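For reference, model_6.txt is printed below; it contains compact mmCIF, C-alpha atoms and all ligand atoms.
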# COMPACT_ATOMS: atom_id res chain seq x y z
CA MET P 192 13.43 134.55 -66.03
CA LYS P 193 12.92 133.43 -62.44
CA LEU P 194 10.18 135.33 -60.71
CA GLY P 195 9.45 134.44 -57.11
CA ARG P 196 8.29 130.81 -57.15
CA MET P 197 7.63 130.87 -60.89
CA GLU P 198 9.69 130.87 -64.08
CA ILE P 199 8.55 132.65 -67.22
CA HIS P 200 9.81 132.25 -70.78
CA VAL P 201 8.69 133.83 -74.03
CA ILE P 202 8.71 131.18 -76.75
CA SER P 203 8.35 132.33 -80.34
CA ASP P 204 6.30 130.23 -82.75
CA GLY P 205 8.01 132.17 -85.57
CA SER P 206 7.03 135.24 -87.56
CA TRP P 207 4.54 136.43 -90.17
CA ARG P 208 3.75 139.48 -92.24
CA LEU P 209 0.59 141.57 -92.24
CA ASP P 210 -0.49 144.59 -94.26
CA GLY P 211 0.95 147.64 -92.46
CA GLY P 212 -2.23 149.67 -92.98
CA GLY P 213 -4.20 146.94 -91.20
CA VAL P 214 -1.68 146.71 -88.38
CA PHE P 215 -1.67 150.45 -87.66
CA GLY P 216 -5.30 151.32 -88.43
CA GLN P 217 -5.96 155.03 -88.78
CA VAL P 218 -2.30 156.03 -88.32
CA PRO P 219 -0.91 157.39 -91.64
CA LYS P 220 1.83 155.39 -93.36
CA VAL P 221 4.28 158.31 -93.18
CA LEU P 222 4.18 157.85 -89.40
CA TRP P 223 4.04 154.06 -88.97
CA GLN P 224 6.75 153.32 -91.51
CA GLU P 225 9.17 155.03 -89.12
CA VAL P 226 8.59 152.26 -86.56
CA ALA P 227 7.93 149.28 -88.88
CA LYS P 228 9.51 149.11 -92.33
CA PRO P 229 7.11 147.59 -94.91
CA ASP P 230 8.21 145.03 -97.53
CA GLY P 231 7.45 145.28 -101.28
CA ARG P 232 3.85 144.15 -100.63
CA ASN P 233 3.36 146.76 -97.88
CA ARG P 234 3.54 144.10 -95.17
CA VAL P 235 5.30 144.50 -91.83
CA ARG P 236 6.99 141.66 -89.98
CA LEU P 237 5.46 140.53 -86.70
CA GLY P 238 6.38 138.00 -84.03
CA LEU P 239 4.21 135.12 -82.80
CA ASN P 240 5.00 135.17 -79.10
CA CYS P 241 3.75 132.61 -76.60
CA LEU P 242 4.47 132.60 -72.88
CA LEU P 243 5.36 129.59 -70.76
CA VAL P 244 4.81 129.93 -67.02
CA ARG P 245 6.30 127.21 -64.81
CA THR P 246 4.71 127.18 -61.39
CA PRO P 247 4.67 124.83 -58.38
CA ASN P 248 1.06 124.07 -59.38
CA GLY P 249 1.76 123.11 -62.99
CA ASN P 250 3.00 124.41 -66.34
CA VAL P 251 0.85 127.01 -68.09
CA LEU P 252 1.13 127.94 -71.76
CA ILE P 253 -0.39 131.24 -72.93
CA ASP P 254 -1.20 131.32 -76.67
CA THR P 255 0.05 128.74 -79.14
CA GLY P 256 1.08 130.67 -82.28
CA VAL P 257 0.04 129.60 -85.80
CA GLY P 258 1.22 125.99 -85.52
CA ARG P 259 1.72 123.61 -88.46
CA LYS P 260 -1.72 122.89 -89.91
CA VAL P 261 -1.80 126.03 -92.01
CA ASP P 262 -2.48 125.76 -95.77
CA ASP P 263 -0.33 127.13 -98.59
CA ARG P 264 -2.66 130.07 -99.29
CA ARG P 265 -2.21 131.40 -95.76
CA LYS P 266 1.52 130.63 -95.80
CA GLU P 267 1.96 132.73 -98.93
CA ASN P 268 -0.41 135.58 -97.96
CA TYR P 269 1.15 136.04 -94.56
CA GLY P 270 4.79 135.22 -95.35
CA LEU P 271 4.54 132.63 -92.59
CA ASP P 272 7.57 131.12 -90.95
CA ALA P 273 5.85 129.39 -88.02
CA GLY P 274 5.46 126.10 -86.18
CA LYS P 275 8.43 126.55 -83.86
CA LEU P 276 6.60 126.38 -80.52
CA MET P 277 7.23 122.69 -79.83
CA GLY P 278 10.95 123.09 -80.58
CA GLY P 279 11.02 126.00 -78.13
CA LEU P 280 9.40 123.88 -75.44
CA ARG P 281 11.85 121.04 -76.13
CA ASN P 282 14.77 123.45 -75.68
CA LEU P 283 13.44 124.07 -72.17
CA GLY P 284 13.26 120.33 -71.52
CA LEU P 285 9.47 120.05 -71.89
CA LYS P 286 7.28 117.64 -73.87
CA ALA P 287 3.67 118.16 -74.97
CA THR P 288 2.47 116.03 -72.04
CA ASP P 289 4.23 118.36 -69.57
CA ILE P 290 1.80 121.21 -70.30
CA ASP P 291 -1.01 121.20 -67.71
CA TYR P 292 -2.95 124.32 -68.74
CA VAL P 293 -3.28 126.29 -71.96
CA THR P 294 -5.04 129.60 -72.26
CA PHE P 295 -5.51 131.92 -75.23
CA SER P 296 -5.85 135.67 -75.42
CA HIS P 297 -8.43 134.87 -78.13
CA LEU P 298 -9.06 132.28 -80.85
CA HIS P 299 -7.76 133.99 -84.02
CA PHE P 300 -5.58 131.50 -85.92
CA ASP P 301 -2.35 133.36 -85.10
CA HIS P 302 -2.95 132.62 -81.39
CA ALA P 303 -4.82 129.30 -81.39
CA GLY P 304 -3.34 127.47 -84.40
CA GLY P 305 -0.79 125.56 -82.35
CA ALA P 306 -3.45 124.26 -79.94
CA THR P 307 -4.17 121.35 -82.27
CA LYS P 308 -2.15 119.32 -84.75
CA PHE P 309 -2.90 116.77 -87.47
CA ASN P 310 -2.51 113.11 -86.50
CA ARG P 311 -1.57 110.40 -89.04
CA LYS P 312 -5.16 110.26 -90.32
CA ARG P 313 -5.05 114.03 -90.82
CA GLU P 314 -7.56 114.64 -88.05
CA ALA P 315 -6.97 117.70 -85.88
CA VAL P 316 -6.30 116.62 -82.28
CA PRO P 317 -5.17 118.60 -79.20
CA THR P 318 -1.39 119.22 -79.29
CA PHE P 319 -1.25 119.00 -75.49
CA PRO P 320 -3.11 115.80 -74.64
CA LYS P 321 -3.19 116.26 -70.86
CA ALA P 322 -3.90 119.98 -70.76
CA LYS P 323 -7.03 121.81 -69.77
CA TYR P 324 -7.62 124.68 -72.20
CA PHE P 325 -9.32 127.95 -71.13
CA ILE P 326 -11.08 130.61 -73.17
CA GLN P 327 -13.73 133.27 -72.49
CA GLU P 328 -17.24 132.15 -73.31
CA ALA P 329 -17.85 135.31 -75.41
CA CYS P 330 -14.76 134.49 -77.46
CA TRP P 331 -15.97 130.94 -78.07
CA GLU P 332 -19.33 132.34 -79.22
CA ASP P 333 -17.62 134.72 -81.64
CA ALA P 334 -15.30 132.04 -83.02
CA THR P 335 -18.12 129.56 -83.54
CA HIS P 336 -20.47 132.18 -85.07
CA PRO P 337 -18.17 134.64 -86.86
CA ASN P 338 -19.58 137.38 -89.09
CA GLU P 339 -18.34 138.27 -92.57
CA ARG P 340 -15.72 140.70 -91.26
CA GLY P 341 -14.23 138.29 -88.71
CA ARG P 342 -14.52 134.96 -90.48
CA ASP P 343 -11.10 134.82 -92.13
CA ALA P 344 -9.29 135.12 -88.79
CA TYR P 345 -10.80 131.89 -87.43
CA GLU P 346 -10.09 128.25 -88.24
CA SER P 347 -12.47 125.90 -86.44
CA LEU P 348 -9.96 123.00 -86.52
CA ASP P 349 -7.88 125.04 -84.05
CA TYR P 350 -10.47 124.88 -81.27
CA ARG P 351 -13.40 122.52 -82.05
CA PRO P 352 -11.33 119.39 -81.23
CA LEU P 353 -10.60 120.83 -77.75
CA ALA P 354 -14.32 120.91 -76.97
CA ASP P 355 -14.95 117.56 -78.67
CA ARG P 356 -12.38 115.88 -76.42
CA GLY P 357 -13.71 117.54 -73.26
CA GLN P 358 -10.51 119.53 -72.70
CA LEU P 359 -12.02 123.00 -72.99
CA GLU P 360 -13.33 125.12 -70.13
CA LEU P 361 -15.27 128.29 -70.87
CA VAL P 362 -14.70 131.22 -68.52
CA ARG P 363 -16.79 134.33 -67.85
CA GLY P 364 -14.95 137.53 -66.88
CA GLU P 365 -12.21 137.10 -64.32
CA LYS P 366 -10.79 133.74 -63.24
CA GLU P 367 -7.69 132.60 -61.40
CA ILE P 368 -6.92 129.29 -63.12
CA ILE P 369 -4.20 128.35 -60.63
CA PRO P 370 -2.73 130.46 -57.81
CA GLY P 371 -1.08 133.52 -59.36
CA VAL P 372 -2.39 133.10 -62.94
CA LEU P 373 -5.40 135.32 -63.56
CA LEU P 374 -7.52 135.65 -66.71
CA ARG P 375 -9.07 139.09 -67.23
CA GLU P 376 -11.53 139.86 -70.03
CA THR P 377 -10.69 143.00 -72.01
CA GLY P 378 -12.90 142.92 -75.11
CA GLY P 379 -11.74 145.45 -77.72
CA HIS P 380 -9.78 143.43 -80.26
CA CYS P 381 -12.62 140.89 -80.45
CA LYS P 382 -15.48 139.65 -78.30
CA GLY P 383 -14.12 137.96 -75.17
CA HIS P 384 -10.49 138.91 -75.79
CA GLN P 385 -8.58 138.46 -72.51
CA MET P 386 -5.22 139.30 -70.99
CA VAL P 387 -3.37 137.05 -68.55
CA LEU P 388 -1.90 138.51 -65.38
CA ILE P 389 0.80 136.53 -63.63
CA ASN P 390 1.33 137.49 -60.03
CA SER P 391 4.56 136.19 -58.62
CA ALA P 392 5.79 138.47 -55.86
CA PRO P 393 7.53 140.82 -56.08
CA ARG P 394 6.49 141.37 -59.70
CA LYS P 395 3.47 141.09 -61.99
CA VAL P 396 3.69 140.07 -65.63
CA ALA P 397 0.88 140.88 -68.06
CA PHE P 398 0.47 138.99 -71.34
CA VAL P 399 -1.59 141.64 -73.12
CA GLY P 400 -2.50 139.74 -76.31
CA ASP P 401 -3.79 141.98 -79.11
CA ILE P 402 -4.94 144.85 -76.86
CA ILE P 403 -1.36 146.11 -77.37
CA PRO P 404 -0.01 143.74 -80.04
CA THR P 405 3.47 145.28 -80.39
CA PRO P 406 5.50 147.86 -78.45
CA SER P 407 4.65 150.39 -81.23
CA HIS P 408 1.00 150.10 -80.19
CA ILE P 409 1.71 151.54 -76.73
CA ARG P 410 0.81 154.90 -78.29
CA LEU P 411 -2.91 155.30 -77.61
CA PRO P 412 -4.19 155.99 -81.16
CA TYR P 413 -2.17 153.07 -82.60
CA ILE P 414 -4.97 150.49 -82.85
CA THR P 415 -5.24 147.89 -85.59
CA ALA P 416 -7.90 148.07 -88.30
CA PHE P 417 -8.78 144.46 -87.36
CA ASP P 418 -10.16 145.43 -83.93
CA GLN P 419 -13.88 144.71 -83.59
CA TYR P 420 -14.38 147.42 -80.94
CA PRO P 421 -11.55 149.95 -81.31
CA GLU P 422 -13.00 152.43 -78.78
CA GLN P 423 -13.06 149.63 -76.18
CA THR P 424 -9.44 148.84 -77.03
CA LEU P 425 -8.54 152.51 -76.51
CA GLU P 426 -10.17 152.73 -73.06
CA TYR P 427 -8.83 149.40 -71.86
CA LYS P 428 -5.36 150.27 -73.09
CA ARG P 429 -5.46 153.64 -71.33
CA GLN P 430 -6.21 152.08 -67.91
CA LEU P 431 -3.89 149.10 -68.49
CA LEU P 432 -0.91 151.36 -69.25
CA LYS P 433 -1.63 153.50 -66.20
CA GLN P 434 -1.70 150.47 -63.92
CA ALA P 435 1.34 148.90 -65.59
CA GLU P 436 3.34 152.06 -65.01
CA GLU P 437 2.21 152.49 -61.39
CA ASP P 438 2.82 148.87 -60.41
CA GLN P 439 5.87 148.35 -62.66
CA TRP P 440 4.41 145.38 -64.52
CA ILE P 441 6.41 143.50 -67.13
CA LEU P 442 4.35 143.60 -70.34
CA VAL P 443 4.54 140.79 -72.91
CA PHE P 444 3.37 141.54 -76.47
CA SER P 445 1.88 138.92 -78.79
CA HIS P 446 3.35 140.31 -81.99
CA GLY P 447 6.48 142.25 -81.01
CA TYR P 448 9.26 141.15 -83.37
CA ASP P 449 12.36 143.09 -82.29
CA ALA P 450 11.17 143.49 -78.69
CA HIS P 451 8.67 141.11 -77.12
CA ALA P 452 8.52 142.33 -73.50
CA GLY P 453 9.52 145.19 -71.25
CA MET P 454 8.60 147.75 -68.64
CA LEU P 455 7.18 151.23 -69.12
CA GLU P 456 9.11 154.38 -68.45
CA ARG P 457 8.40 158.02 -69.29
CA LYS P 458 10.35 160.18 -71.67
CA ASP P 459 9.18 163.76 -72.27
CA GLY P 460 5.84 162.80 -70.72
CA ARG P 461 5.35 159.86 -73.12
CA TYR P 462 5.39 156.15 -72.44
CA GLN P 463 8.44 154.31 -73.64
CA LEU P 464 9.39 150.66 -73.38
CA LYS P 465 12.52 149.49 -71.64
CA PRO P 466 12.87 146.06 -73.31
CA ILE P 467 13.49 142.89 -71.30
CA ASP P 468 14.61 139.61 -72.88
CA LEU P 469 12.39 136.81 -71.61
CA THR P 470 13.60 134.15 -74.07
CA LYS P 471 16.40 132.98 -71.79
ZN ZN X 501 -2.95 138.45 -83.23
Since I need it in another form, could you write the structure as structure tokens?
Ligand SMILES: [Zn+2]
Amino acid sequence: MKLGRMEIHVISDGSWRLDGGGVFGQVPKVLWQEVAKPDGRNRVRLGLNCLLVRTPNGNVLIDTGVGRKVDDRRKENYGLDAGKLMGGLRNLGLKATDIDYVTFSHLHFDHAGGATKFNRKREAVPTFPKAKYFIQEACWEDATHPNERGRDAYESLDYRPLADRGQLELVRGEKEIIPGVLLRETGGHCKGHQMVLINSAPRKVAFVGDIIPTPSHIRLPYITAFDQYPEQTLEYKRQLLKQAEEDQWILVFSHGYDAHAGMLERKDGRYQLKPIDLTK
């Protein structure tokens, strides 16, 4: 989609499956199964959405999906069908060296996995050799010192090589990485989780990461059981939705499968999503 002087495209790295109880947290199954049908192992299917922003100041990639380094245990547990990001970029006429900036909502493997790849010697190296990668300092701290509850969501090969090669920049709070692309720390889902706000007049686009992972999570109490600070997620989500409605932002969801983006409208006093296709 063309947006002022920028172009934005959602690129899917593929899909995966996660336990529905985990995805919907305290919401009872009788309610969530109406919006996401579970498979025989109680898992629901989720997207792995990344966002490419082409600007006059360079190409920015937001999140990198699971990528291709993943082991068989994870493949099986999560019903993974991933590793499609590079093909998606190629379809838009881009090579790995055309990406100038990469930023992550956070460093869980379903967002950072595609940031590195194995070379012929099976060493993990940055997938985008010329890119500068950005992450919140608090997120880096969490990923490099995870506790027992968070450990399984991180894979150090996804992000250590970025620092080792001097391609990583740590950010604190708010930062405009290039004109019109703003990082904003949200917390909630994990320490240092951030959203990315793209400002290309006349419209703003918000990549909301796992603060609102799918359109079903627009409902305020729908918060995953994986969130480190669910009350923070709730408060951030409340103010984000209010602003998104007032300013008519386009929201992009990390894990929406059927719908990956859209704008808010009200029906009977409740938020509803009017989907927009950003894959074209
Ligand atoms: Zn996620």
Point-to-point distance in Å for CA of Gly364 (chain P) and CA of Asn390 (chain P):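 These atoms are spaced 17.7 Å apart.
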Residue among P:Cys381, P:Ala306, P:Ala322, P:Ile202 lying closest to ligand ZN 501 (chain X), counting all atoms listed in the file: P:Cys381
Test item: residues lying within 7 Å of ligand ZN 501 (chain X) with only C-alpha atoms and all ligand atoms, as a list in words: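 Listing the residues within 7 Å of ligand ZN 501 (chain X) gives His299, Asp301, His302, Asp401, Pro404, Ser445 and His446 of chain P.
Straight-line separation from CA of Asp204 (chain P) to CA of Gly453 (chain P): 19.1 Å.
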Write out, as CSV, each residue of region 413-452 of chain P that has an atom at most 10 Å from region 240-246 of chain P, together with the closest pair of atoms and their distance in Å to one decimal, counting all atoms listed in the file, rows going by chain and rising number.
residue,atom,partner,partner_atom,distance
P:Val443,CA,P:Leu242,CA,8.2
P:Phe444,CA,P:Asn240,CA,7.1
P:Ser445,CA,P:Asn240,CA,4.9
P:His446,CA,P:Asn240,CA,6.1
P:Gly447,CA,P:Asn240,CA,7.5
P:Tyr448,CA,P:Asn240,CA,8.5
P:His451,CA,P:Asn240,CA,7.3
P:Ala452,CA,P:Asn240,CA,9.7
Go ahead and dump the residues you just picked, C-alpha atoms, as a PDB file, in the frame of the given file.
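Dumped to again05.pdb:
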ATOM      1  CA  VAL P 443       4.540 140.790 -72.910  1.00  0.00           C
ATOM      2  CA  PHE P 444       3.370 141.540 -76.470  1.00  0.00           C
ATOM      3  CA  SER P 445       1.880 138.920 -78.790  1.00  0.00           C
ATOM      4  CA  HIS P 446       3.350 140.310 -81.990  1.00  0.00           C
ATOM      5  CA  GLY P 447       6.480 142.250 -81.010  1.00  0.00           C
ATOM      6  CA  TYR P 448       9.260 141.150 -83.370  1.00  0.00           C
ATOM      7  CA  HIS P 451       8.670 141.110 -77.120  1.00  0.00           C
ATOM      8  CA  ALA P 452       8.520 142.330 -73.500  1.00  0.00           C
TER       9      ALA P 452
END
List every protein, DNA or RNA residue that has an atom no more than 12 Å from (-7.1, 150.0, -70.1) in the file's coordinate frame, counting all atoms listed in the file, and report them as an mmCIF file with C-alpha atoms, in the coordinates of the input.
data_model
loop_
_atom_site.group_PDB
_atom_site.id
_atom_site.type_symbol
_atom_site.label_atom_id
_atom_site.label_comp_id
_atom_site.auth_asym_id
_atom_site.auth_seq_id
_atom_site.Cartn_x
_atom_site.Cartn_y
_atom_site.Cartn_z
ATOM 1 C CA ARG P 375 -9.070 139.090 -67.230
ATOM 2 C CA GLU P 376 -11.530 139.860 -70.030
ATOM 3 C CA THR P 377 -10.690 143.000 -72.010
ATOM 4 C CA GLY P 378 -12.900 142.920 -75.110
ATOM 5 C CA GLY P 379 -11.740 145.450 -77.720
ATOM 6 C CA GLN P 385 -8.580 138.460 -72.510
ATOM 7 C CA MET P 386 -5.220 139.300 -70.990
ATOM 8 C CA VAL P 399 -1.590 141.640 -73.120
ATOM 9 C CA ILE P 402 -4.940 144.850 -76.860
ATOM 10 C CA ILE P 403 -1.360 146.110 -77.370
ATOM 11 C CA ILE P 409 1.710 151.540 -76.730
ATOM 12 C CA LEU P 411 -2.910 155.300 -77.610
ATOM 13 C CA GLU P 422 -13.000 152.430 -78.780
ATOM 14 C CA GLN P 423 -13.060 149.630 -76.180
ATOM 15 C CA THR P 424 -9.440 148.840 -77.030
ATOM 16 C CA LEU P 425 -8.540 152.510 -76.510
ATOM 17 C CA GLU P 426 -10.170 152.730 -73.060
ATOM 18 C CA TYR P 427 -8.830 149.400 -71.860
ATOM 19 C CA LYS P 428 -5.360 150.270 -73.090
ATOM 20 C CA ARG P 429 -5.460 153.640 -71.330
ATOM 21 C CA GLN P 430 -6.210 152.080 -67.910
ATOM 22 C CA LEU P 431 -3.890 149.100 -68.490
ATOM 23 C CA LEU P 432 -0.910 151.360 -69.250
ATOM 24 C CA LYS P 433 -1.630 153.500 -66.200
ATOM 25 C CA GLN P 434 -1.700 150.470 -63.920
ATOM 26 C CA ALA P 435 1.340 148.900 -65.590
ATOM 27 C CA GLU P 436 3.340 152.060 -65.010
#
Distance query 6 Å from (11.4, 138.7, -61.8) using all atoms listed in the file, result as number ranges by chain: P: 193-194, 394
Polymer residues at most 12 Å from Ala227 (chain P), all atoms listed in the file, same-chain spacing of 5 or more positions, as a list of chain:residue names: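 Close residues of Ala227 (chain P): P:Arg208, P:Leu209, P:Asp210, P:Gly211, P:Gly212, P:Val214, P:Phe215, P:Lys220, P:Val221, P:Leu222, P:Asn233, P:Arg234, P:Val235, P:Arg236, P:Leu237, P:Thr405, P:Pro406, P:Ser407, P:His408, P:Gly447, P:Tyr448, P:Asp449.
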Quick one: write out the picked residues with C-alpha atoms as a PDB file, in the frame of the given file?
ATOM      1  CA  ARG P 208       3.750 139.480 -92.240  1.00  0.00           C
ATOM      2  CA  LEU P 209       0.590 141.570 -92.240  1.00  0.00           C
ATOM      3  CA  ASP P 210      -0.490 144.590 -94.260  1.00  0.00           C
ATOM      4  CA  GLY P 211       0.950 147.640 -92.460  1.00  0.00           C
ATOM      5  CA  GLY P 212      -2.230 149.670 -92.980  1.00  0.00           C
ATOM      6  CA  VAL P 214      -1.680 146.710 -88.380  1.00  0.00           C
ATOM      7  CA  PHE P 215      -1.670 150.450 -87.660  1.00  0.00           C
ATOM      8  CA  LYS P 220       1.830 155.390 -93.360  1.00  0.00           C
ATOM      9  CA  VAL P 221       4.280 158.310 -93.180  1.00  0.00           C
ATOM     10  CA  LEU P 222       4.180 157.850 -89.400  1.00  0.00           C
ATOM     11  CA  ASN P 233       3.360 146.760 -97.880  1.00  0.00           C
ATOM     12  CA  ARG P 234       3.540 144.100 -95.170  1.00  0.00           C
ATOM     13  CA  VAL P 235       5.300 144.500 -91.830  1.00  0.00           C
ATOM     14  CA  ARG P 236       6.990 141.660 -89.980  1.00  0.00           C
ATOM     15  CA  LEU P 237       5.460 140.530 -86.700  1.00  0.00           C
ATOM     16  CA  THR P 405       3.470 145.280 -80.390  1.00  0.00           C
ATOM     17  CA  PRO P 406       5.500 147.860 -78.450  1.00  0.00           C
ATOM     18  CA  SER P 407       4.650 150.390 -81.230  1.00  0.00           C
ATOM     19  CA  HIS P 408       1.000 150.100 -80.190  1.00  0.00           C
ATOM     20  CA  GLY P 447       6.480 142.250 -81.010  1.00  0.00           C
ATOM     21  CA  TYR P 448       9.260 141.150 -83.370  1.00  0.00           C
ATOM     22  CA  ASP P 449      12.360 143.090 -82.290  1.00  0.00           C
TER      23      ASP P 449
END
Exercise: Phe417 (chain P) partners within 7 Å, only C-alpha atoms, chain neighbours under 2 positions left out, as a list in words: Gly213, Thr415 and Gln419 of chain P
Save the residues we just selected, C-alpha atoms, as a PDB file, in the coordinates of the input?
ATOM      1  CA  GLY P 213      -4.200 146.940 -91.200  1.00  0.00           C
ATOM      2  CA  THR P 415      -5.240 147.890 -85.590  1.00  0.00           C
ATOM      3  CA  GLN P 419     -13.880 144.710 -83.590  1.00  0.00           C
TER       4      GLN P 419
END
One-decimal distance in Å that lies between CA of Val362 (chain P) and CA of Gln327 (chain P): 4.6 Å
Exercise: Asn248 (chain P) partners within 10 Å, all atoms listed in the file, chain neighbours under 2 positions left out, as a list in words: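 Those residues are Met197, Arg245, Thr246, Asn250, Val251, Asp291, Ile369, Pro370 and Gly371 of chain P.
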Counting all atoms listed in the file, the option among P:Glu225, P:Asp349, P:Asp343, P:Asp289 closest to Arg265 (chain P):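 Going through P:Glu225, P:Asp349, P:Asp343, P:Asp289 one by one, the smallest distance to Arg265 (chain P) is for P:Asp343.
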Arg356 (chain P) surroundings by all atoms listed in the file, 12 Å radius, close-in-sequence under 4 positions cut, as a ChimeraX atom specification: /P:307,315-324,350-352,360
Keeping only C-alpha atoms, write the selected residues to a file as a PDB file, keeping the file's coordinate frame.
ATOM      1  CA  THR P 307      -4.170 121.350 -82.270  1.00  0.00           C
ATOM      2  CA  ALA P 315      -6.970 117.700 -85.880  1.00  0.00           C
ATOM      3  CA  VAL P 316      -6.300 116.620 -82.280  1.00  0.00           C
ATOM      4  CA  PRO P 317      -5.170 118.600 -79.200  1.00  0.00           C
ATOM      5  CA  THR P 318      -1.390 119.220 -79.290  1.00  0.00           C
ATOM      6  CA  PHE P 319      -1.250 119.000 -75.490  1.00  0.00           C
ATOM      7  CA  PRO P 320      -3.110 115.800 -74.640  1.00  0.00           C
ATOM      8  CA  LYS P 321      -3.190 116.260 -70.860  1.00  0.00           C
ATOM      9  CA  ALA P 322      -3.900 119.980 -70.760  1.00  0.00           C
ATOM     10  CA  LYS P 323      -7.030 121.810 -69.770  1.00  0.00           C
ATOM     11  CA  TYR P 324      -7.620 124.680 -72.200  1.00  0.00           C
ATOM     12  CA  TYR P 350     -10.470 124.880 -81.270  1.00  0.00           C
ATOM     13  CA  ARG P 351     -13.400 122.520 -82.050  1.00  0.00           C
ATOM     14  CA  PRO P 352     -11.330 119.390 -81.230  1.00  0.00           C
ATOM     15  CA  GLU P 360     -13.330 125.120 -70.130  1.00  0.00           C
TER      16      GLU P 360
END
Return region 326-343 of chain P, completed with N, CA and C atoms, as a PDB file, keeping the file's coordinate frame.
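And here's part39.pdb as it stands now:
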ATOM      1  N   ILE P 326     -10.778 129.457 -72.312  1.00  0.00           N
ATOM      2  CA  ILE P 326     -11.080 130.610 -73.170  1.00  0.00           C
ATOM      3  C   ILE P 326     -12.345 131.281 -72.634  1.00  0.00           C
ATOM      4  N   GLN P 327     -12.496 132.569 -72.890  1.00  0.00           N
ATOM      5  CA  GLN P 327     -13.730 133.270 -72.490  1.00  0.00           C
ATOM      6  C   GLN P 327     -14.909 132.752 -73.308  1.00  0.00           C
ATOM      7  N   GLU P 328     -16.033 132.627 -72.646  1.00  0.00           N
ATOM      8  CA  GLU P 328     -17.240 132.150 -73.310  1.00  0.00           C
ATOM      9  C   GLU P 328     -17.616 133.043 -74.498  1.00  0.00           C
ATOM     10  N   ALA P 329     -17.495 134.372 -74.329  1.00  0.00           N
ATOM     11  CA  ALA P 329     -17.850 135.310 -75.410  1.00  0.00           C
ATOM     12  C   ALA P 329     -16.946 135.100 -76.627  1.00  0.00           C
ATOM     13  N   CYS P 330     -15.703 134.732 -76.371  1.00  0.00           N
ATOM     14  CA  CYS P 330     -14.760 134.490 -77.460  1.00  0.00           C
ATOM     15  C   CYS P 330     -15.142 133.215 -78.211  1.00  0.00           C
ATOM     16  N   TRP P 331     -15.525 132.197 -77.456  1.00  0.00           N
ATOM     17  CA  TRP P 331     -15.970 130.940 -78.070  1.00  0.00           C
ATOM     18  C   TRP P 331     -17.195 131.199 -78.958  1.00  0.00           C
ATOM     19  N   GLU P 332     -18.128 131.997 -78.454  1.00  0.00           N
ATOM     20  CA  GLU P 332     -19.330 132.340 -79.220  1.00  0.00           C
ATOM     21  C   GLU P 332     -18.963 133.025 -80.530  1.00  0.00           C
ATOM     22  N   ASP P 333     -18.034 133.975 -80.444  1.00  0.00           N
ATOM     23  CA  ASP P 333     -17.620 134.720 -81.640  1.00  0.00           C
ATOM     24  C   ASP P 333     -16.944 133.796 -82.645  1.00  0.00           C
ATOM     25  N   ALA P 334     -16.058 132.928 -82.124  1.00  0.00           N
ATOM     26  CA  ALA P 334     -15.300 132.040 -83.020  1.00  0.00           C
ATOM     27  C   ALA P 334     -16.214 131.010 -83.688  1.00  0.00           C
ATOM     28  N   THR P 335     -17.257 130.595 -82.971  1.00  0.00           N
ATOM     29  CA  THR P 335     -18.120 129.560 -83.540  1.00  0.00           C
ATOM     30  C   THR P 335     -19.264 130.165 -84.368  1.00  0.00           C
ATOM     31  N   HIS P 336     -19.460 131.487 -84.247  1.00  0.00           N
ATOM     32  CA  HIS P 336     -20.470 132.180 -85.070  1.00  0.00           C
ATOM     33  C   HIS P 336     -19.878 133.483 -85.626  1.00  0.00           C
ATOM     34  N   PRO P 337     -18.807 133.398 -86.401  1.00  0.00           N
ATOM     35  CA  PRO P 337     -18.170 134.640 -86.860  1.00  0.00           C
ATOM     36  C   PRO P 337     -19.005 135.343 -87.934  1.00  0.00           C
ATOM     37  N   ASN P 338     -18.892 136.665 -87.999  1.00  0.00           N
ATOM     38  CA  ASN P 338     -19.580 137.380 -89.090  1.00  0.00           C
ATOM     39  C   ASN P 338     -18.636 137.513 -90.286  1.00  0.00           C
ATOM     40  N   GLU P 339     -19.105 138.196 -91.318  1.00  0.00           N
ATOM     41  CA  GLU P 339     -18.340 138.270 -92.570  1.00  0.00           C
ATOM     42  C   GLU P 339     -16.995 138.981 -92.380  1.00  0.00           C
ATOM     43  N   ARG P 340     -16.946 139.933 -91.452  1.00  0.00           N
ATOM     44  CA  ARG P 340     -15.720 140.700 -91.260  1.00  0.00           C
ATOM     45  C   ARG P 340     -14.684 139.919 -90.449  1.00  0.00           C
ATOM     46  N   GLY P 341     -15.164 138.998 -89.594  1.00  0.00           N
ATOM     47  CA  GLY P 341     -14.230 138.290 -88.710  1.00  0.00           C
ATOM     48  C   GLY P 341     -13.858 136.897 -89.162  1.00  0.00           C
ATOM     49  N   ARG P 342     -14.611 136.381 -90.135  1.00  0.00           N
ATOM     50  CA  ARG P 342     -14.520 134.960 -90.480  1.00  0.00           C
ATOM     51  C   ARG P 342     -13.111 134.484 -90.848  1.00  0.00           C
ATOM     52  N   ASP P 343     -12.390 135.280 -91.611  1.00  0.00           N
ATOM     53  CA  ASP P 343     -11.100 134.820 -92.130  1.00  0.00           C
ATOM     54  C   ASP P 343     -10.045 134.631 -91.030  1.00  0.00           C
TER      55      ASP P 343
END
